[in-house]
$ cat input30.txt   # compact mmCIF, C-alpha atoms and all ligand atoms
# COMPACT_ATOMS: atom_id res chain seq x y z
CA MET A 1 83.98 102.67 126.89
CA GLU A 2 83.24 100.54 123.85
CA ILE A 3 86.37 99.05 122.32
CA THR A 4 86.39 99.22 118.52
CA ARG A 5 89.94 100.41 117.75
CA VAL A 6 92.91 98.30 118.70
CA CYS A 7 96.62 99.00 118.40
CA VAL A 8 98.89 95.94 118.28
CA VAL A 9 102.57 96.75 118.79
CA GLY A 10 104.95 94.19 117.30
CA GLY A 11 104.22 91.99 114.28
CA GLY A 12 106.25 88.88 115.15
CA THR A 13 104.74 85.43 115.75
CA MET A 14 102.48 86.57 118.58
CA GLY A 15 101.76 90.12 117.34
CA ASN A 16 100.61 89.02 113.89
CA GLY A 17 98.40 86.33 115.43
CA ILE A 18 96.86 88.87 117.82
CA ALA A 19 96.22 91.40 115.01
CA HIS A 20 94.73 88.52 112.97
CA VAL A 21 92.10 87.56 115.56
CA PHE A 22 91.09 91.14 116.40
CA ALA A 23 90.65 92.00 112.69
CA GLN A 24 88.77 88.75 112.08
CA LYS A 25 86.37 89.52 114.94
CA GLY A 26 85.42 92.96 113.62
CA PHE A 27 87.85 95.35 115.34
CA SER A 28 89.75 98.09 113.48
CA VAL A 29 93.38 97.18 114.00
CA THR A 30 96.58 99.15 113.53
CA LEU A 31 99.64 96.93 113.60
CA VAL A 32 102.72 98.91 114.58
CA GLU A 33 106.16 97.66 113.55
CA ALA A 34 109.51 99.45 113.65
CA LYS A 35 110.04 99.16 109.89
CA LYS A 36 107.62 99.01 106.96
CA GLU A 37 109.20 95.76 105.65
CA LEU A 38 108.47 94.07 108.99
CA ALA A 39 104.87 95.33 108.95
CA ASP A 40 104.44 94.04 105.38
CA LYS A 41 105.89 90.68 106.41
CA ALA A 42 103.39 90.46 109.29
CA VAL A 43 100.47 91.23 106.96
CA ALA A 44 101.73 88.58 104.50
CA THR A 45 101.75 86.03 107.35
CA ILE A 46 98.24 87.02 108.44
CA THR A 47 97.01 86.73 104.83
CA ARG A 48 98.59 83.26 104.51
CA ASN A 49 97.04 82.08 107.78
CA MET A 50 93.63 83.45 106.78
CA ASP A 51 93.95 81.71 103.38
CA ARG A 52 94.53 78.50 105.30
CA GLN A 53 91.33 79.12 107.30
CA VAL A 54 89.42 79.79 104.06
CA ALA A 55 90.79 76.58 102.49
CA LYS A 56 89.69 74.61 105.58
CA GLY A 57 86.21 76.20 105.60
CA GLY A 58 86.69 78.12 108.86
CA LEU A 59 86.39 81.54 107.21
CA THR A 60 84.69 82.75 104.02
CA ALA A 61 86.70 84.58 101.36
CA ALA A 62 84.45 87.63 101.87
CA ASP A 63 85.08 87.61 105.65
CA LYS A 64 88.81 87.32 104.99
CA ASP A 65 88.74 90.36 102.70
CA ALA A 66 86.67 92.30 105.25
CA ALA A 67 89.12 91.37 108.03
CA LEU A 68 92.13 92.44 105.98
CA GLY A 69 90.27 95.67 105.15
CA ARG A 70 90.10 96.44 108.89
CA LEU A 71 93.85 95.95 109.28
CA LYS A 72 96.24 98.88 108.81
CA THR A 73 99.94 99.11 109.50
CA ALA A 74 102.05 101.94 110.93
CA THR A 75 105.64 102.51 111.93
CA SER A 76 104.84 104.58 115.03
CA ILE A 77 102.32 104.38 117.85
CA ALA A 78 101.41 108.03 117.21
CA GLU A 79 99.89 107.01 113.85
CA ALA A 80 97.47 104.73 115.73
CA ALA A 81 96.40 107.49 118.16
CA GLY A 82 92.91 107.22 119.63
CA PHE A 83 92.84 103.43 120.17
CA GLN A 84 90.77 102.16 123.10
CA LEU A 85 92.91 99.05 123.57
CA ALA A 86 96.57 98.36 122.90
CA VAL A 87 98.22 94.95 122.99
CA GLU A 88 102.00 95.05 123.13
CA ALA A 89 103.94 92.07 121.72
CA VAL A 90 107.52 93.34 121.38
CA PRO A 91 110.66 91.44 122.51
CA GLU A 92 110.78 90.33 126.14
CA ARG A 93 112.92 93.13 127.56
CA LEU A 94 111.61 95.36 130.28
CA ASP A 95 113.36 98.49 128.94
CA ILE A 96 111.85 98.02 125.45
CA LYS A 97 108.39 97.34 126.87
CA ALA A 98 108.55 100.28 129.31
CA ALA A 99 109.34 102.66 126.41
CA VAL A 100 106.44 101.26 124.36
CA PHE A 101 104.05 101.72 127.30
CA LYS A 102 105.08 105.36 127.77
CA ASP A 103 104.21 105.90 124.13
CA LEU A 104 100.95 103.99 124.43
CA GLU A 105 99.93 106.06 127.46
CA ALA A 106 100.54 109.24 125.44
CA HIS A 107 98.53 108.20 122.37
CA GLY A 108 95.59 106.09 123.60
CA ALA A 109 92.03 107.41 123.96
CA PRO A 110 91.32 108.63 127.53
CA GLY A 111 91.00 105.54 129.74
CA ALA A 112 92.36 103.17 127.06
CA ILE A 113 93.35 99.73 128.32
CA LEU A 114 97.05 98.96 127.83
CA ALA A 115 97.70 95.22 127.64
CA THR A 116 100.94 93.30 127.33
CA ASN A 117 101.33 89.85 125.82
CA THR A 118 104.46 89.23 127.90
CA SER A 119 105.03 85.57 128.64
CA SER A 120 106.77 86.18 131.96
CA LEU A 121 107.80 89.77 132.78
CA PRO A 122 105.99 91.28 135.77
CA ILE A 123 102.97 93.38 134.74
CA THR A 124 103.56 95.55 137.81
CA ASP A 125 107.09 96.41 136.60
CA ILE A 126 105.91 97.18 133.05
CA ALA A 127 103.27 99.55 134.52
CA ALA A 128 105.59 101.06 137.14
CA THR A 129 106.52 104.28 135.36
CA LEU A 130 103.06 105.12 134.02
CA LYS A 131 100.77 107.84 135.40
CA ASP A 132 97.89 105.38 135.63
CA PRO A 133 99.03 101.76 136.15
CA SER A 134 95.44 100.66 136.88
CA ARG A 135 94.81 100.34 133.12
CA VAL A 136 97.77 98.02 132.52
CA ILE A 137 97.06 94.30 132.33
CA GLY A 138 98.51 91.08 130.94
CA MET A 139 96.70 89.58 127.97
CA HIS A 140 98.75 86.47 127.32
CA PHE A 141 97.75 84.74 124.10
CA MET A 142 99.00 81.27 123.16
CA ASN A 143 100.73 80.30 119.92
CA PRO A 144 99.26 79.75 117.32
CA VAL A 145 96.96 82.60 118.35
CA PRO A 146 94.20 82.03 115.76
CA VAL A 147 93.82 78.43 116.99
CA MET A 148 94.43 78.42 120.74
CA LYS A 149 91.38 79.13 122.88
CA LEU A 150 93.05 80.45 126.02
CA VAL A 151 93.88 84.01 126.97
CA GLU A 152 95.65 84.11 130.34
CA ILE A 153 94.76 87.45 131.91
CA ILE A 154 97.25 88.74 134.43
CA ARG A 155 96.45 91.36 137.03
CA GLY A 156 99.34 93.55 138.08
CA LYS A 157 99.37 94.81 141.68
CA ARG A 158 97.53 97.96 140.60
CA THR A 159 95.36 96.65 137.76
CA SER A 160 91.74 97.74 138.33
CA ASP A 161 88.72 95.46 138.52
CA ALA A 162 87.20 97.47 135.66
CA ALA A 163 90.15 96.77 133.33
CA THR A 164 90.09 93.07 134.28
CA GLU A 165 86.37 92.73 133.58
CA ALA A 166 86.68 94.64 130.29
CA VAL A 167 89.49 92.38 129.09
CA LYS A 168 87.61 89.24 130.14
CA ALA A 169 84.57 90.38 128.13
CA LEU A 170 86.77 91.24 125.17
CA THR A 171 88.39 87.81 125.25
CA VAL A 172 84.95 86.22 124.97
CA LYS A 173 84.19 88.51 121.99
CA LEU A 174 87.31 87.12 120.33
CA GLY A 175 85.83 83.62 120.68
CA LYS A 176 88.39 82.71 123.36
CA ILE A 177 88.24 81.71 127.02
CA PRO A 178 89.73 83.97 129.71
CA ALA A 179 91.47 82.62 132.81
CA VAL A 180 92.86 85.06 135.40
CA ALA A 181 96.21 84.83 137.22
CA ASN A 182 97.99 87.14 139.64
CA ASP A 183 101.38 88.68 138.91
CA PHE A 184 103.82 85.94 140.02
CA PRO A 185 106.87 84.87 137.96
CA GLY A 186 105.67 82.89 134.91
CA PHE A 187 102.03 83.45 135.96
CA VAL A 188 100.31 80.02 135.75
CA SER A 189 100.90 78.93 132.14
CA ASN A 190 104.67 79.21 132.00
CA ARG A 191 105.29 78.33 135.64
CA VAL A 192 103.76 74.94 134.87
CA LEU A 193 104.74 74.49 131.21
CA MET A 194 108.38 75.60 131.18
CA PRO A 195 109.72 73.34 133.96
CA MET A 196 108.14 70.44 132.05
CA ILE A 197 109.90 71.48 128.84
CA ASN A 198 113.16 72.05 130.75
CA GLU A 199 112.85 68.60 132.33
CA ALA A 200 112.32 67.04 128.89
CA ILE A 201 115.51 68.77 127.68
CA LEU A 202 117.33 67.43 130.77
CA CYS A 203 116.12 63.91 129.85
CA LEU A 204 117.72 64.41 126.44
CA GLN A 205 120.89 65.96 127.93
CA GLU A 206 121.33 63.07 130.37
CA GLY A 207 120.66 60.36 127.75
CA VAL A 208 117.45 59.14 129.33
CA SER A 209 115.96 58.89 125.84
CA THR A 210 116.04 60.31 122.31
CA LYS A 211 114.18 63.50 121.44
CA GLU A 212 111.77 61.52 119.27
CA ASP A 213 110.95 59.06 122.05
CA ILE A 214 110.63 61.80 124.69
CA ASP A 215 108.11 63.52 122.42
CA THR A 216 106.27 60.26 121.67
CA ILE A 217 106.03 59.42 125.38
CA MET A 218 104.50 62.78 126.23
CA LYS A 219 102.27 62.94 123.14
CA LEU A 220 100.79 59.48 123.39
CA GLY A 221 101.19 58.93 127.12
CA MET A 222 99.80 62.27 128.27
CA ALA A 223 97.66 63.19 125.24
CA HIS A 224 99.62 66.36 124.55
CA PRO A 225 99.16 67.65 120.97
CA MET A 226 102.95 68.07 120.61
CA GLY A 227 105.86 66.57 122.52
CA PRO A 228 107.75 68.98 124.80
CA ILE A 229 110.91 69.08 122.67
CA ALA A 230 108.96 69.89 119.49
CA LEU A 231 106.92 72.41 121.48
CA ALA A 232 110.09 74.10 122.73
CA ASP A 233 111.23 74.49 119.10
CA TYR A 234 107.79 75.85 118.22
CA ILE A 235 107.78 78.42 121.04
CA GLY A 236 111.42 79.39 120.40
CA LEU A 237 114.34 78.13 122.50
CA ASP A 238 115.40 81.70 123.31
CA VAL A 239 111.90 82.38 124.66
CA CYS A 240 111.98 79.15 126.70
CA LEU A 241 115.39 80.10 128.16
CA ALA A 242 114.25 83.64 128.97
CA ILE A 243 111.19 82.30 130.81
CA MET A 244 113.27 79.75 132.76
CA GLU A 245 115.60 82.59 133.76
CA VAL A 246 112.65 84.62 135.05
CA LEU A 247 111.47 81.60 137.08
CA ASP A 248 115.01 80.92 138.34
CA LYS A 249 115.45 84.55 139.40
CA GLY A 250 111.96 84.73 140.92
CA PHE A 251 111.95 81.47 142.88
CA GLY A 252 115.56 80.17 142.96
CA GLY A 253 116.41 76.55 143.76
CA VAL A 254 117.28 73.61 141.52
CA LYS A 255 113.76 73.23 140.18
CA TYR A 256 113.95 76.23 137.84
CA LYS A 257 117.59 76.07 136.74
CA PRO A 258 117.71 76.16 132.92
CA ALA A 259 119.19 72.99 131.35
CA GLU A 260 122.76 73.46 130.07
CA LEU A 261 121.67 71.95 126.74
CA LEU A 262 119.00 74.65 126.39
CA ARG A 263 121.62 77.35 127.00
CA LYS A 264 123.95 75.77 124.45
CA MET A 265 121.26 75.54 121.77
CA VAL A 266 120.51 79.24 122.21
CA SER A 267 124.16 80.30 122.20
CA ASP A 268 124.65 78.21 119.01
CA GLY A 269 121.82 80.22 117.39
CA LYS A 270 119.56 77.17 117.19
CA LEU A 271 116.32 78.81 118.24
CA GLY A 272 113.77 76.36 116.85
CA VAL A 273 111.27 76.73 114.01
CA LYS A 274 111.94 80.44 113.49
CA SER A 275 115.68 79.96 112.86
CA GLY A 276 115.27 76.86 110.66
CA ALA A 277 116.77 74.52 113.27
CA GLY A 278 116.42 73.71 116.93
CA PHE A 279 116.27 70.22 118.35
CA TYR A 280 114.72 69.31 114.97
CA GLU A 281 115.41 70.71 111.48
CA TYR A 282 112.90 73.02 109.74
CA PRO A 283 113.91 73.36 106.10
CA LYS A 284 112.55 76.51 104.41
CA LYS A 285 109.46 75.67 102.34
N1 LIG A 301 96.66 80.37 111.80
C1 LIG A 301 95.47 79.85 111.48
N2 LIG A 301 95.19 78.54 111.58
C2 LIG A 301 96.18 77.71 111.99
C3 LIG A 301 97.46 78.17 112.33
C4 LIG A 301 97.69 79.57 112.22
N3 LIG A 301 98.87 80.12 112.54
N4 LIG A 301 98.21 77.12 112.71
C5 LIG A 301 97.45 76.03 112.64
N5 LIG A 301 96.22 76.39 112.19
C6 LIG A 301 95.05 75.51 112.03
C7 LIG A 301 95.15 74.55 110.87
O1 LIG A 301 94.69 75.13 109.69
C8 LIG A 301 94.23 73.42 111.32
O2 LIG A 301 92.87 73.79 111.12
P1 LIG A 301 91.66 72.71 111.07
O3 LIG A 301 91.53 72.15 112.47
O4 LIG A 301 90.48 73.52 110.67
O5 LIG A 301 92.09 71.67 110.10
C9 LIG A 301 94.48 73.37 112.81
O6 LIG A 301 95.01 74.65 113.18
C10 LIG A 301 95.47 72.30 113.18
O7 LIG A 301 96.69 72.55 112.46
P2 LIG A 301 97.45 71.45 111.59
O8 LIG A 301 96.47 70.50 110.98
O9 LIG A 301 98.40 72.16 110.71
O10 LIG A 301 98.39 70.69 112.60
P3 LIG A 301 98.10 70.01 113.99
O11 LIG A 301 96.80 69.31 114.05
O12 LIG A 301 99.34 69.25 114.25
O13 LIG A 301 98.02 71.25 115.01
C11 LIG A 301 98.92 72.85 116.49
C12 LIG A 301 99.02 72.19 115.11
C13 LIG A 301 97.60 73.61 116.59
C14 LIG A 301 100.09 73.79 116.60
C15 LIG A 301 98.93 71.70 117.57
O14 LIG A 301 100.05 70.87 117.38
C16 LIG A 301 98.98 72.22 118.98
O15 LIG A 301 97.96 72.59 119.55
N6 LIG A 301 100.21 72.27 119.57
C17 LIG A 301 100.43 72.78 120.92
C18 LIG A 301 100.50 74.28 120.87
C19 LIG A 301 100.73 74.86 122.23
O16 LIG A 301 100.92 74.20 123.23
N7 LIG A 301 100.74 76.20 122.25
C20 LIG A 301 101.05 76.94 123.44
C21 LIG A 301 102.51 77.27 123.46
S1 LIG A 301 102.93 78.17 124.87
C22 LIG A 301 102.63 79.77 124.45
O17 LIG A 301 102.27 80.12 123.35
C23 LIG A 301 102.81 80.73 125.53
C24 LIG A 301 104.15 81.10 125.94
O18 LIG A 301 104.25 82.11 126.62
C25 LIG A 301 105.37 80.36 125.59
$ encode --input "input30.txt" --output "structure tokens"
Amino acid sequence: MEITRVCVVGGGTMGNGIAHVFAQKGFSVTLVEAKKELADKAVATITRNMDRQVAKGGLTAADKDAALGRLKTATSIAEAAGFQLAVEAVPERLDIKAAVFKDLEAHGAPGAILATNTSSLPITDIAATLKDPSRVIGMHFMNPVPVMKLVEIIRGKRTSDAATEAVKALTVKLGKIPAVANDFPGFVSNRVLMPMINEAILCLQEGVSTKEDIDTIMKLGMAHPMGPIALADYIGLDVCLAIMEVLDKGFGGVKYKPAELLRKMVSDGKLGVKSGAGFYEYPKK
């Protein structure tokens, strides 16, 4: 089945980035958000990010207009009916995702591939209540989606070879590189990344160094584009905590225990860039 129509559910940081790249690469995209204001906000973000690409010479103004012309919004999955691929990017709660997938199964074209951008929930659990879990797969994009080359593809226990190959080919069409992981807690990306971020937060908590110096050490010493503390703010401290909790629950032991300082930041409402403050301050522009 040729994939030309894509439904992206959720227009937050990841969802708007995912809709952006599909529209830019020629797909007809329906972005589904719970409320019209949220959908409009997502389109405004996409437009701003495309303007930035135009200003930097990575996209022509005509291609930007064409991409935005391929992007529609909706407030229900039913309005997007007939899509051949869905990518879900709603909050990281199994009950919310399971409800979205029921809806996606009801409204996709026959045989449509149903992908989730979850950063750590088991694909097998998300697919568990569906009639055909073989079409459910993880398509884990990295933030910022228009820039980052990787798509981590996660096979649930019942994901078919056909769905995996189709999603790998699609990733290449998006100008990105696929890498496949099996359905273990945190997959590969977050099983490796999050304990590093958590350890950096422990270094801060224990007074090993300042946040600035921890970031400088990792940026210049390990050639990371961002230090781990700044990256945690960028990802969202609530997201980092949720992923550490999945790892802790999945594997146990001291290694995956979330840092107390991370818990405190989240309970204080300091979530990073998106809330205006995390370990660093992000004044509204
Ligand atoms: N849309 C479009 N373009 C964007 C963009 C966006 N949202 N954000 C940045 N860009 C572009 C900029 O326009 C710029 O383009 P040029 O190269 O053509 O000039 C380029 O990206 C670099 O951006 P900046 O010059 O603004 O800043 P920078 O050089 O400091 O790079 C960064 C910013 C790309 C975010 C870089 O710091 C970086 O790669 N950081 C690490 C990001 C990372 O690790 N992401 C993964 C997080 S983990 C995750 O997402 C998964 C999970 O489950 C938690």
$ atom_distance --input "input30.txt" --atom1 "atom CA of A:Asn16" --atom2 "atom CA of A:Val43"
7.3 Å
$ closest_residue --input "input30.txt" --among "A:Glu281, A:Asp51, A:Asp248, A:Glu88" --to "ligand LIG 301 (chain A)" --atoms "only C-alpha atoms and all ligand atoms"
A:Asp51
$ residues_near_ligand --input "input30.txt" --ligand "ligand LIG 301 (chain A)" --cutoff "8 Å" --atoms "only C-alpha atoms and all ligand atoms" --output "count of residues only"
33
$ atom_distance --input "input30.txt" --atom1 "atom CA of A:Lys270" --atom2 "atom CA of A:Ile243"
16.8 Å
$ residues_around --input "input30.txt" --residues "stretch 20-30 of chain A" --least-positions-apart "3" --cutoff "6 Å" --atoms "all atoms listed in the file" --output "list of chain:residue names"
A:Thr4, A:Arg5, A:Val6, A:Cys7, A:Asn16, A:Gly17, A:Ile46, A:Ala67, A:Arg70, A:Leu71, A:Lys72, A:Thr73, A:Pro146, A:Leu174
$ closest_residue --input "input30.txt" --among "A:Ala55, A:Leu104, A:Leu247, A:Ile113" --to "A:Val188" --atoms "only C-alpha atoms"
A:Leu247
$ build_atoms --input "input30.txt" --residues "stretch 233-244 of chain A" --atoms "N, CA, C and O atoms" --output "mmCIF file, keeping the file's coordinate frame"
data_model
loop_
_atom_site.group_PDB
_atom_site.id
_atom_site.type_symbol
_atom_site.label_atom_id
_atom_site.label_comp_id
_atom_site.auth_asym_id
_atom_site.auth_seq_id
_atom_site.Cartn_x
_atom_site.Cartn_y
_atom_site.Cartn_z
ATOM 1 N N ASP A 233 110.821 73.946 120.403
ATOM 2 C CA ASP A 233 111.230 74.490 119.100
ATOM 3 C C ASP A 233 110.155 75.443 118.566
ATOM 4 O O ASP A 233 110.463 76.473 117.970
ATOM 5 N N TYR A 234 108.915 75.065 118.754
ATOM 6 C CA TYR A 234 107.790 75.850 118.220
ATOM 7 C C TYR A 234 107.691 77.204 118.950
ATOM 8 O O TYR A 234 107.508 78.251 118.337
ATOM 9 N N ILE A 235 107.856 77.179 120.253
ATOM 10 C CA ILE A 235 107.780 78.420 121.040
ATOM 11 C C ILE A 235 109.000 79.300 120.758
ATOM 12 O O ILE A 235 108.914 80.526 120.693
ATOM 13 N N GLY A 236 110.147 78.661 120.554
ATOM 14 C CA GLY A 236 111.420 79.390 120.400
ATOM 15 C C GLY A 236 112.280 79.084 121.611
ATOM 16 O O GLY A 236 111.866 79.316 122.760
ATOM 17 N N LEU A 237 113.500 78.549 121.365
ATOM 18 C CA LEU A 237 114.340 78.130 122.500
ATOM 19 C C LEU A 237 114.837 79.342 123.277
ATOM 20 O O LEU A 237 115.038 79.266 124.498
ATOM 21 N N ASP A 238 115.013 80.469 122.601
ATOM 22 C CA ASP A 238 115.400 81.700 123.310
ATOM 23 C C ASP A 238 114.294 82.154 124.254
ATOM 24 O O ASP A 238 114.556 82.575 125.382
ATOM 25 N N VAL A 239 113.043 82.006 123.801
ATOM 26 C CA VAL A 239 111.900 82.380 124.660
ATOM 27 C C VAL A 239 111.839 81.438 125.858
ATOM 28 O O VAL A 239 111.669 81.879 127.005
ATOM 29 N N CYS A 240 112.019 80.133 125.590
ATOM 30 C CA CYS A 240 111.980 79.150 126.700
ATOM 31 C C CYS A 240 113.073 79.482 127.725
ATOM 32 O O CYS A 240 112.812 79.466 128.942
ATOM 33 N N LEU A 241 114.281 79.794 127.237
ATOM 34 C CA LEU A 241 115.390 80.100 128.160
ATOM 35 C C LEU A 241 115.075 81.374 128.956
ATOM 36 O O LEU A 241 115.276 81.408 130.181
ATOM 37 N N ALA A 242 114.553 82.385 128.265
ATOM 38 C CA ALA A 242 114.250 83.640 128.970
ATOM 39 C C ALA A 242 113.212 83.409 130.075
ATOM 40 O O ALA A 242 113.330 83.950 131.182
ATOM 41 N N ILE A 243 112.231 82.570 129.794
ATOM 42 C CA ILE A 243 111.190 82.300 130.810
ATOM 43 C C ILE A 243 111.782 81.510 131.978
ATOM 44 O O ILE A 243 111.520 81.805 133.144
ATOM 45 N N MET A 244 112.625 80.513 131.665
ATOM 46 C CA MET A 244 113.270 79.750 132.760
ATOM 47 C C MET A 244 114.112 80.690 133.625
ATOM 48 O O MET A 244 114.169 80.540 134.851
#
